[in-house]
Each structure stands twice: as C-alpha cells, then as structure tokens.
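Engineer: Hey, dropping protein.txt in here, compact mmCIF, C-alpha atoms:
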# COMPACT_ATOMS: atom_id res chain seq x y z
CA MET A 16 -3.53 4.71 9.21
CA ARG A 17 -3.85 2.31 12.12
CA ALA A 18 -4.59 4.12 15.38
CA VAL A 19 -5.86 3.43 18.88
CA PHE A 20 -7.73 6.20 20.71
CA GLY A 21 -7.43 6.15 24.50
CA ILE A 22 -10.31 7.89 26.28
CA ALA A 23 -10.33 8.28 30.05
CA SER A 24 -11.89 11.59 31.15
CA ARG A 25 -15.59 12.29 30.81
CA ASN A 26 -15.27 15.85 29.56
CA GLU A 27 -13.35 14.80 26.44
CA VAL A 28 -15.09 11.52 25.66
CA ALA A 29 -17.63 12.86 23.18
CA THR A 30 -15.12 14.84 21.08
CA HIS A 31 -12.51 12.13 20.84
CA ARG A 32 -15.01 9.37 20.19
CA GLN A 33 -16.57 11.49 17.45
CA VAL A 34 -13.20 12.10 15.78
CA ALA A 35 -12.29 8.41 16.08
CA ARG A 36 -15.53 7.29 14.45
CA ALA A 37 -15.24 9.91 11.71
CA LEU A 38 -11.73 8.67 10.86
CA GLU A 39 -13.03 5.10 10.86
CA ALA A 40 -15.72 6.15 8.39
CA ARG A 41 -12.96 7.46 6.12
CA GLY A 42 -11.43 4.01 5.97
CA HIS A 43 -8.82 4.22 8.73
CA ASP A 44 -8.30 1.27 11.09
CA ILE A 45 -9.36 2.81 14.42
CA ALA A 46 -9.86 1.21 17.83
CA VAL A 47 -11.17 3.00 20.93
CA TYR A 48 -9.82 1.96 24.34
CA GLU A 49 -11.90 3.48 27.13
CA GLY A 50 -11.16 3.90 30.88
CA PRO A 51 -11.33 4.30 33.78
CA TRP A 52 -7.75 3.09 34.01
CA ARG A 53 -6.67 0.54 36.61
CA GLY A 54 -2.95 1.18 36.39
CA TRP A 55 -0.38 -1.25 35.02
CA LEU A 56 -3.00 -3.87 34.10
CA ASP A 57 -4.37 -1.46 31.51
CA ALA A 58 -0.86 -0.78 30.22
CA PHE A 59 -0.48 -4.50 29.44
CA ALA A 60 -3.93 -4.64 27.87
CA ALA A 61 -3.20 -1.58 25.72
CA ALA A 62 0.16 -3.04 24.63
CA ARG A 63 -1.61 -6.21 23.51
CA LEU A 64 -4.09 -4.09 21.56
CA PHE A 65 -1.24 -2.12 19.92
CA ALA A 66 0.38 -5.38 18.85
CA ALA A 67 -2.84 -7.07 17.71
CA ARG A 68 -3.76 -4.15 15.45
CA ASN A 69 -0.16 -3.32 14.49
CA ALA A 70 -1.05 0.22 15.56
CA GLU A 71 1.06 3.07 14.20
CA LEU A 72 -0.42 5.71 16.51
CA ALA A 73 -1.93 5.82 19.98
CA VAL A 74 -3.99 8.98 20.43
CA VAL A 75 -4.42 10.20 24.00
CA GLU A 76 -6.91 12.70 25.45
CA GLY A 77 -5.57 13.37 28.94
CA PRO A 78 -2.66 12.91 31.36
CA ARG A 79 -3.91 9.59 32.71
CA SER A 80 -4.27 7.94 29.32
CA PHE A 81 -0.96 9.49 28.24
CA ALA A 82 0.78 7.83 31.18
CA MET A 83 -0.93 4.49 30.58
CA PHE A 84 -0.18 4.51 26.84
CA GLY A 85 3.37 5.60 27.61
CA TRP A 86 3.86 2.44 29.66
CA ALA A 87 2.22 0.39 26.90
CA ARG A 88 4.66 1.82 24.38
CA LEU A 89 7.55 0.38 26.39
CA LEU A 90 6.09 -3.03 25.59
CA HIS A 91 5.25 -2.18 21.97
CA PRO A 92 7.74 0.53 20.93
CA SER A 93 6.67 0.73 17.28
CA THR A 94 3.49 2.61 18.30
CA THR A 95 3.87 6.38 18.57
CA VAL A 96 1.91 8.05 21.38
CA THR A 97 0.50 11.48 20.58
CA GLY A 98 -2.10 14.00 21.65
CA LEU A 99 -4.65 15.49 19.27
CA ALA A 100 -5.73 19.12 19.07
CA ALA A 101 -8.12 18.71 16.13
CA THR A 102 -11.84 18.28 16.74
CA ASP A 103 -12.97 17.24 13.23
CA ALA A 104 -11.92 14.43 10.91
CA GLU A 105 -10.29 16.54 8.19
CA ALA A 106 -8.06 18.43 10.61
CA ALA A 107 -7.35 15.29 12.62
CA GLU A 108 -6.28 13.43 9.50
CA ARG A 109 -3.74 16.11 8.63
CA GLU A 110 -2.47 16.41 12.19
CA LEU A 111 -1.99 12.66 12.58
CA GLU A 112 -0.37 12.38 9.14
CA GLY A 113 2.32 14.78 10.31
CA VAL A 114 2.91 12.75 13.48
CA ARG A 115 3.02 9.53 11.48
CA SER A 116 5.48 10.92 8.93
CA ARG A 117 7.85 12.26 11.58
CA ALA A 118 7.67 8.93 13.41
CA HIS A 119 8.62 7.07 10.22
CA ARG A 120 11.78 9.18 9.87
CA TYR A 121 11.95 8.43 6.16
CA ARG A 122 12.59 12.15 5.59
CA ARG A 123 11.96 11.73 1.87
CA ALA A 124 8.87 11.81 -0.27
CA VAL A 125 7.43 11.38 -3.70
CA PHE A 126 5.28 14.44 -4.32
CA LEU A 127 2.31 13.75 -6.58
CA ASP A 128 0.17 16.01 -8.70
CA ARG A 129 -3.50 15.10 -8.42
CA ASP A 130 -5.42 15.74 -11.65
CA GLY A 131 -3.87 14.08 -14.67
CA THR A 132 -1.46 12.07 -12.51
CA LEU A 133 -3.48 10.19 -9.91
CA MET A 134 -6.93 10.93 -11.34
CA PRO A 135 -8.08 11.80 -14.86
CA GLU A 136 -8.01 15.51 -15.71
CA ILE A 137 -11.70 16.46 -16.03
CA GLY A 138 -11.74 20.15 -15.10
CA ALA A 139 -13.27 21.59 -11.95
CA LEU A 140 -14.23 18.56 -9.89
CA GLY A 141 -16.67 18.93 -7.03
CA ARG A 142 -18.32 15.51 -6.98
CA PRO A 143 -16.68 12.85 -4.79
CA GLU A 144 -18.55 10.09 -6.62
CA ALA A 145 -16.60 10.97 -9.80
CA VAL A 146 -13.24 10.14 -8.24
CA ARG A 147 -11.41 7.24 -9.84
CA LEU A 148 -7.75 6.30 -10.02
CA MET A 149 -5.90 6.18 -13.32
CA PRO A 150 -4.64 2.75 -14.43
CA GLY A 151 -1.39 1.70 -12.77
CA VAL A 152 -1.53 4.29 -10.01
CA ALA A 153 -2.24 1.92 -7.12
CA PRO A 154 0.57 -0.62 -7.75
CA ALA A 155 3.05 2.17 -8.46
CA LEU A 156 2.23 3.93 -5.20
CA ARG A 157 2.38 0.66 -3.26
CA ALA A 158 5.89 0.11 -4.63
CA LEU A 159 6.99 3.61 -3.65
CA GLN A 160 5.44 3.17 -0.22
CA ALA A 161 7.28 -0.13 0.22
CA GLY A 162 10.48 1.74 -0.72
CA ARG A 163 10.01 3.96 2.36
CA TYR A 164 8.88 7.11 0.59
CA GLU A 165 6.15 9.31 2.01
CA LEU A 166 3.44 10.03 -0.57
CA VAL A 167 2.35 13.66 -0.64
CA VAL A 168 -0.20 15.21 -3.02
CA VAL A 169 0.45 18.82 -4.12
CA SER A 170 -2.31 20.25 -6.28
CA ASN A 171 -3.33 23.57 -7.84
CA GLN A 172 -7.07 24.04 -7.30
CA SER A 173 -7.75 27.49 -8.73
CA ALA A 174 -11.37 26.43 -9.33
CA ILE A 175 -11.94 27.36 -5.68
CA GLY A 176 -10.66 30.89 -6.23
CA ARG A 177 -12.71 31.22 -9.42
CA GLY A 178 -15.87 30.08 -7.62
CA ALA A 179 -16.37 27.07 -9.89
CA VAL A 180 -16.31 24.76 -6.85
CA THR A 181 -16.34 25.38 -3.12
CA ALA A 182 -13.57 24.53 -0.70
CA GLU A 183 -15.97 22.07 0.95
CA GLN A 184 -16.53 20.27 -2.37
CA VAL A 185 -12.78 19.96 -2.94
CA THR A 186 -12.36 18.64 0.60
CA ALA A 187 -14.99 15.98 -0.14
CA VAL A 188 -13.23 15.04 -3.39
CA ASN A 189 -9.90 14.76 -1.59
CA ALA A 190 -11.49 12.58 1.08
CA ALA A 191 -12.83 10.30 -1.67
CA LEU A 192 -9.34 10.14 -3.19
CA ARG A 193 -7.87 9.13 0.17
CA ARG A 194 -10.53 6.41 0.53
CA ALA A 195 -9.86 5.11 -2.98
CA LEU A 196 -6.13 4.90 -2.30
CA ARG A 197 -6.66 3.40 1.16
CA ALA A 198 -8.79 0.65 -0.40
CA GLU A 199 -5.73 -0.19 -2.52
CA GLY A 200 -3.39 -0.32 0.48
CA VAL A 201 -1.94 3.17 -0.05
CA GLU A 202 -1.82 5.81 2.69
CA LEU A 203 -0.99 9.41 1.88
CA ALA A 204 1.31 11.33 4.20
CA GLY A 205 -0.38 14.60 3.31
CA LEU A 206 -2.39 16.56 0.78
CA PHE A 207 -1.56 20.21 0.14
CA LEU A 208 -3.46 22.41 -2.28
CA CYS A 209 -3.38 25.95 -3.61
CA PRO A 210 -6.86 27.50 -3.94
CA HIS A 211 -5.68 30.72 -5.62
CA ARG A 212 -6.14 32.06 -9.14
CA PRO A 213 -3.01 32.74 -11.23
CA GLU A 214 -3.57 36.49 -10.89
CA ASP A 215 -3.70 36.34 -7.09
CA GLY A 216 0.09 36.45 -6.82
CA CYS A 217 0.42 33.74 -4.16
CA ASP A 218 3.62 31.81 -3.54
CA CYS A 219 1.99 28.37 -3.40
CA ARG A 220 0.64 27.95 -6.93
CA LYS A 221 2.84 25.69 -9.02
CA PRO A 222 5.25 26.39 -10.79
CA LEU A 223 6.22 28.20 -7.56
CA PRO A 224 7.51 25.84 -4.87
CA GLY A 225 5.30 26.96 -1.96
CA LEU A 226 3.28 23.74 -1.62
CA LEU A 227 6.43 21.63 -1.52
CA LEU A 228 8.01 23.92 1.05
CA GLN A 229 4.87 23.76 3.21
CA ALA A 230 4.85 19.97 3.05
CA ALA A 231 8.56 19.68 3.81
CA THR A 232 8.12 21.78 6.95
CA ALA A 233 4.94 20.04 8.13
CA LEU A 234 6.22 16.51 7.53
CA ASP A 235 9.96 16.99 8.24
CA LEU A 236 11.08 16.06 4.72
CA SER A 237 14.35 16.60 2.90
CA LEU A 238 13.50 18.06 -0.51
CA ALA A 239 16.93 17.12 -1.86
CA ARG A 240 16.10 13.45 -1.20
CA SER A 241 12.62 13.67 -2.70
CA TRP A 242 11.00 13.42 -6.13
CA LEU A 243 7.95 14.87 -7.85
CA VAL A 244 5.69 13.15 -10.36
CA GLY A 245 3.34 15.31 -12.40
CA ASP A 246 1.91 15.87 -15.85
CA SER A 247 2.98 19.41 -16.76
CA THR A 248 5.92 21.78 -16.83
CA ARG A 249 4.33 23.55 -13.82
CA ASP A 250 5.17 20.44 -11.81
CA THR A 251 8.74 20.06 -13.04
CA GLN A 252 9.43 23.79 -12.54
CA ALA A 253 8.07 23.67 -8.99
CA ALA A 254 10.29 20.66 -8.27
CA ALA A 255 13.37 22.40 -9.65
CA ARG A 256 12.71 25.57 -7.66
CA ALA A 257 12.25 23.52 -4.48
CA GLY A 258 15.55 21.75 -5.01
Go through the file and emit its structure as structure tokens.

Structural biologist:
Amino acid sequence: MRAVFGIASRNEVATHRQVARALEARGHDIAVYEGPWRGWLDAFAAARLFAARNAELAVVEGPRSFAMFGWARLLHPSTTVTGLAATDAEAAERELEGVRSRAHRYRRAVFLDRDGTLMPEIGALGRPEAVRLMPGVAPALRALQAGRYELVVVSNQSAIGRGAVTAEQVTAVNAALRRALRAEGVELAGLFLCPHRPEDGCDCRKPLPGLLLQAATALDLSLARSWLVGDSTRDTQAAARAG
C-alpha cells in the first residue's frame, strides 16, 4: 500500500516512525511527513506529497496532523485520512488493510486459499525463505485486482494447533508471501487464518465459513458478490456455506 505518515507531537513520534519504517521494510511505499505544522502551508505541501506518491492512505498521530491532513485531502480527495491504533507492523498492516478496503468501496472479493493455490503445498511451513508463488499466480491476481476485486487469503493452519510450527513462524511466512506478491504488483486486502485442529470444534476451520464471515465483517464485503478460489472440497464447501 502507498501511505504517508504525518507525525507532529513528540510523545508519539517514536512509535509512529517505528511502525512506518517497519511497513516500509515489508515492501510498502511509505513516506513520513514530520511537523511542527505551520498551518495551511503544510496542507498544500502534504497535498503535493499525496499526489506525487499517489498515496492511498494518510496516517495521522494527533489532532493537529489530522486537521492538516484533512485540509490536504480537500486538494487530493483520493487519499483517505485515518488514525492508527496498532503499534507493530503486523497489526498495523491488518488495520490499514481494513481502512483501505472500505475506502475502495469495491465490496466484493476473491477469497484465496494459501497452500496449494498461491504457494505449493509442502506441509507445515515455518520458513519464510521457502515461500514461492506457483506459476501463473501473479498475473492472475493482477487481473483480478484490476477488475476491482479485493484479494483476501483464508487459510487453515492447524499446524499451529498441533505444535508443528509456532504462530510467530506462520506470521513470518505470511509476511514473506505478502512481500512476494507486492514485488509482483499485487496487494492483499487481508489474510485470515484458522490455527485450530479439526478436533477443536472451532467455527473458523474450513469447510466451515467462519474465516469468510470474519473477513466480510472486517473489510465490509458482500459475500454474495464474491468468489473463492481453492484446491479442495473444504474450500468449495466453505464458499457455499458463506453464500
């Protein structure tokens, strides 16, 4: 995603700069615009920055930067101004994905299974360096993205519940997947996973529709206008149950 972080107050500078740089390290196009603000002159400068970077999001950290970015948005209305509660890159990515999706107003998605659909099925995967896209995935996703569909990964990861991999390892793998897709010009709108074993009786493990319902709520999606692409009957059954 393309975002500009506006930082004005000293007490929040370290946290927001840290999040901005962590997102940049993940392959996002991030700019940091720092105060102190001088009023309407900064609004013009910020608007020029929004336009130059074709920014989707302007992330604010206090009332003064919110006001300044609000004025800038009048000059560049395609940039959405938002706050940010998250203090780490993983949480920030998910929070900003939700803002970005709602701002798009596509309200439809292609849900994607991960293993066997985007990446080869190789069992419990805990090594980010092993991530690679299957042939044809990148151009197909670029075409769907150009067709104004949000792209949302929904994945069973029972290896976490079994103890074969840790949640942190799966997070690192998912971050590597996002980077691999981003390098191909593809930006996910979200990634939702079920860490439970089949015997745990959760409502999010496919073929149950819980992951799709979670994503629809978080990203403001119409399931009736959406599709799912997977590699097993678990995926098709989850899609049918979600409508």

Engineer: Can you measure atom CA of Arg163 of chain A to atom CA of Glu112 of chain A for me? One decimal in Å is fine.

Structural biologist: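 Those two atoms sit 15.0 Å apart.
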
Engineer: At what distance in Å, to one decimal, does atom CA of Phe84 of chain A lie from atom CA of Asp57 of chain A?

Structural biologist: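 Interatomic distance here is 8.7 Å.
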
Engineer: What does the structure give for the distance between atom CA of Pro78 of chain A and atom CA of Ser93 of chain A, in Å to one decimal?

Structural biologist: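 Going from atom CA of Pro78 of chain A over to atom CA of Ser93 of chain A, I get 20.8 Å.
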
Engineer: Measuring between all atoms listed in the file, which one of A:His211, A:Arg79, A:Arg240, A:Arg41 shows the shortest distance to Arg197 of chain A?

Structural biologist: A:Arg41

Engineer: For the contact check between segment 18-131 of chain A and segment 141-160 of chain A, emit one row per residue of segment 18-131 of chain A within 10 Å, containing the shortest atom pair and the distance in Å rounded to one decimal, counting only C-alpha atoms, chain then rising number order, as a tab-separated table.

Structural biologist:
residue	atom	partner	partner_atom	distance
A:Ala124	CA	A:Leu159	CA	9.1
A:Val125	CA	A:Leu159	CA	7.8
A:Leu127	CA	A:Leu156	CA	9.9
A:Arg129	CA	A:Leu148	CA	9.9
A:Asp130	CA	A:Met149	CA	9.7
A:Gly131	CA	A:Met149	CA	8.3

Engineer: So, counting only C-alpha atoms, which residue among A:Gly54, A:Gly205, A:Gly98, A:Gly258 is closest to Ala233 of chain A?

Structural biologist: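 Selected residue with least distance to Ala233 of chain A: A:Gly205.
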
Engineer: Counting all atoms listed in the file, which residues in segment 52-140 of chain A sit no more than 10 Å from segment 229-232 of chain A? For each one, give the nearest pair of atoms and the distance in Å, sorted by chain then residue number, as JSON lines.

Structural biologist:
{"residue": "A:Gly113", "atom": "CA", "partner": "A:Ala230", "partner_atom": "CA", "distance": 9.3}
{"residue": "A:Arg122", "atom": "CA", "partner": "A:Ala231", "partner_atom": "CA", "distance": 8.7}
{"residue": "A:Arg123", "atom": "CA", "partner": "A:Ala231", "partner_atom": "CA", "distance": 8.9}
{"residue": "A:Ala124", "atom": "CA", "partner": "A:Ala231", "partner_atom": "CA", "distance": 8.9}
{"residue": "A:Phe126", "atom": "CA", "partner": "A:Ala230", "partner_atom": "CA", "distance": 9.2}

Engineer: Taking all atoms listed in the file into account, which of A:Ala257, A:Val114, A:Ala161, A:Val169 comes nearest Val201 of chain A?

Structural biologist: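 Closest to Val201 of chain A, using all atoms listed in the file: A:Ala161.
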
Engineer: Which residue is closest to Tyr164 of chain A? Choose from A:Thr186, A:Thr97, A:Ser80, A:Ser116 and count all atoms listed in the file.

Structural biologist: A:Ser116

Engineer: Looking at A:Lys221, A:Leu192, A:Ala204, A:Ala139, which one is nearest to Val180 of chain A, with distances taken over all atoms listed in the file?

Structural biologist: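 Under the stated criterion, the closest residue is A:Ala139.
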
Engineer: Can segment 213-224 of chain A be brought up to all heavy atoms and written out as a PDB file, keeping the file's coordinate frame?

Structural biologist:
ATOM      1  N   PRO A 213      -4.344  32.315 -10.804  1.00  0.00           N
ATOM      2  CA  PRO A 213      -3.010  32.740 -11.230  1.00  0.00           C
ATOM      3  C   PRO A 213      -2.739  34.216 -10.957  1.00  0.00           C
ATOM      4  O   PRO A 213      -1.612  34.598 -10.599  1.00  0.00           O
ATOM      5  CB  PRO A 213      -3.005  32.450 -12.733  1.00  0.00           C
ATOM      6  CG  PRO A 213      -4.018  31.367 -12.905  1.00  0.00           C
ATOM      7  CD  PRO A 213      -5.077  31.622 -11.882  1.00  0.00           C
ATOM      8  N   GLU A 214      -3.770  35.050 -11.077  1.00  0.00           N
ATOM      9  CA  GLU A 214      -3.570  36.490 -10.890  1.00  0.00           C
ATOM     10  C   GLU A 214      -3.519  36.910  -9.429  1.00  0.00           C
ATOM     11  O   GLU A 214      -3.293  38.095  -9.130  1.00  0.00           O
ATOM     12  CB  GLU A 214      -4.685  37.273 -11.616  1.00  0.00           C
ATOM     13  CG  GLU A 214      -6.101  36.977 -11.154  1.00  0.00           C
ATOM     14  CD  GLU A 214      -6.767  35.882 -11.957  1.00  0.00           C
ATOM     15  OE1 GLU A 214      -6.057  34.999 -12.492  1.00  0.00           O
ATOM     16  OE2 GLU A 214      -8.010  35.911 -12.051  1.00  0.00           O
ATOM     17  N   ASP A 215      -3.704  35.987  -8.509  1.00  0.00           N
ATOM     18  CA  ASP A 215      -3.700  36.340  -7.090  1.00  0.00           C
ATOM     19  C   ASP A 215      -2.309  36.611  -6.542  1.00  0.00           C
ATOM     20  O   ASP A 215      -2.165  37.196  -5.459  1.00  0.00           O
ATOM     21  CB  ASP A 215      -4.370  35.235  -6.259  1.00  0.00           C
ATOM     22  CG  ASP A 215      -5.884  35.192  -6.467  1.00  0.00           C
ATOM     23  OD1 ASP A 215      -6.448  36.205  -6.914  1.00  0.00           O
ATOM     24  OD2 ASP A 215      -6.482  34.137  -6.187  1.00  0.00           O
ATOM     25  N   GLY A 216      -1.286  36.154  -7.234  1.00  0.00           N
ATOM     26  CA  GLY A 216       0.090  36.450  -6.820  1.00  0.00           C
ATOM     27  C   GLY A 216       0.528  35.715  -5.561  1.00  0.00           C
ATOM     28  O   GLY A 216       1.352  36.232  -4.804  1.00  0.00           O
ATOM     29  N   CYS A 217       0.008  34.509  -5.338  1.00  0.00           N
ATOM     30  CA  CYS A 217       0.420  33.740  -4.160  1.00  0.00           C
ATOM     31  C   CYS A 217       1.786  33.105  -4.416  1.00  0.00           C
ATOM     32  O   CYS A 217       2.300  33.127  -5.531  1.00  0.00           O
ATOM     33  CB  CYS A 217      -0.612  32.657  -3.852  1.00  0.00           C
ATOM     34  SG  CYS A 217      -0.659  31.352  -5.101  1.00  0.00           S
ATOM     35  N   ASP A 218       2.336  32.499  -3.363  1.00  0.00           N
ATOM     36  CA  ASP A 218       3.620  31.810  -3.540  1.00  0.00           C
ATOM     37  C   ASP A 218       3.465  30.294  -3.490  1.00  0.00           C
ATOM     38  O   ASP A 218       4.456  29.560  -3.444  1.00  0.00           O
ATOM     39  CB  ASP A 218       4.628  32.261  -2.476  1.00  0.00           C
ATOM     40  CG  ASP A 218       4.167  31.923  -1.055  1.00  0.00           C
ATOM     41  OD1 ASP A 218       3.060  31.367  -0.900  1.00  0.00           O
ATOM     42  OD2 ASP A 218       4.915  32.226  -0.111  1.00  0.00           O
ATOM     43  N   CYS A 219       2.207  29.810  -3.504  1.00  0.00           N
ATOM     44  CA  CYS A 219       1.990  28.370  -3.400  1.00  0.00           C
ATOM     45  C   CYS A 219       1.507  27.729  -4.699  1.00  0.00           C
ATOM     46  O   CYS A 219       1.485  26.490  -4.805  1.00  0.00           O
ATOM     47  CB  CYS A 219       1.015  28.043  -2.264  1.00  0.00           C
ATOM     48  SG  CYS A 219      -0.580  28.889  -2.352  1.00  0.00           S
ATOM     49  N   ARG A 220       1.130  28.537  -5.688  1.00  0.00           N
ATOM     50  CA  ARG A 220       0.640  27.950  -6.930  1.00  0.00           C
ATOM     51  C   ARG A 220       1.824  27.471  -7.769  1.00  0.00           C
ATOM     52  O   ARG A 220       2.731  28.235  -8.081  1.00  0.00           O
ATOM     53  CB  ARG A 220      -0.192  28.980  -7.710  1.00  0.00           C
ATOM     54  CG  ARG A 220      -0.726  28.449  -9.036  1.00  0.00           C
ATOM     55  CD  ARG A 220      -1.630  29.456  -9.734  1.00  0.00           C
ATOM     56  NE  ARG A 220      -1.936  29.029 -11.086  1.00  0.00           N
ATOM     57  CZ  ARG A 220      -2.868  28.132 -11.400  1.00  0.00           C
ATOM     58  NH1 ARG A 220      -3.602  27.598 -10.442  1.00  0.00           N
ATOM     59  NH2 ARG A 220      -3.075  27.777 -12.655  1.00  0.00           N
ATOM     60  N   LYS A 221       1.808  26.191  -8.107  1.00  0.00           N
ATOM     61  CA  LYS A 221       2.840  25.690  -9.020  1.00  0.00           C
ATOM     62  C   LYS A 221       2.750  26.461 -10.344  1.00  0.00           C
ATOM     63  O   LYS A 221       1.643  26.724 -10.801  1.00  0.00           O
ATOM     64  CB  LYS A 221       2.641  24.182  -9.253  1.00  0.00           C
ATOM     65  CG  LYS A 221       2.810  23.313  -8.013  1.00  0.00           C
ATOM     66  CD  LYS A 221       2.559  21.827  -8.290  1.00  0.00           C
ATOM     67  CE  LYS A 221       1.110  21.538  -8.615  1.00  0.00           C
ATOM     68  NZ  LYS A 221       0.833  20.096  -8.808  1.00  0.00           N
ATOM     69  N   PRO A 222       3.877  26.897 -10.916  1.00  0.00           N
ATOM     70  CA  PRO A 222       5.250  26.390 -10.790  1.00  0.00           C
ATOM     71  C   PRO A 222       6.067  26.954  -9.629  1.00  0.00           C
ATOM     72  O   PRO A 222       7.267  26.655  -9.548  1.00  0.00           O
ATOM     73  CB  PRO A 222       5.883  26.808 -12.113  1.00  0.00           C
ATOM     74  CG  PRO A 222       5.182  28.081 -12.464  1.00  0.00           C
ATOM     75  CD  PRO A 222       3.755  27.871 -12.018  1.00  0.00           C
ATOM     76  N   LEU A 223       5.481  27.786  -8.758  1.00  0.00           N
ATOM     77  CA  LEU A 223       6.220  28.200  -7.560  1.00  0.00           C
ATOM     78  C   LEU A 223       6.281  27.035  -6.576  1.00  0.00           C
ATOM     79  O   LEU A 223       5.425  26.152  -6.592  1.00  0.00           O
ATOM     80  CB  LEU A 223       5.559  29.434  -6.948  1.00  0.00           C
ATOM     81  CG  LEU A 223       5.595  30.695  -7.819  1.00  0.00           C
ATOM     82  CD1 LEU A 223       4.827  31.833  -7.151  1.00  0.00           C
ATOM     83  CD2 LEU A 223       7.025  31.112  -8.110  1.00  0.00           C
ATOM     84  N   PRO A 224       7.264  27.026  -5.695  1.00  0.00           N
ATOM     85  CA  PRO A 224       7.510  25.840  -4.870  1.00  0.00           C
ATOM     86  C   PRO A 224       6.797  25.848  -3.520  1.00  0.00           C
ATOM     87  O   PRO A 224       7.079  24.994  -2.682  1.00  0.00           O
ATOM     88  CB  PRO A 224       9.027  25.885  -4.671  1.00  0.00           C
ATOM     89  CG  PRO A 224       9.322  27.353  -4.614  1.00  0.00           C
ATOM     90  CD  PRO A 224       8.366  28.004  -5.599  1.00  0.00           C
TER      91      PRO A 224
END
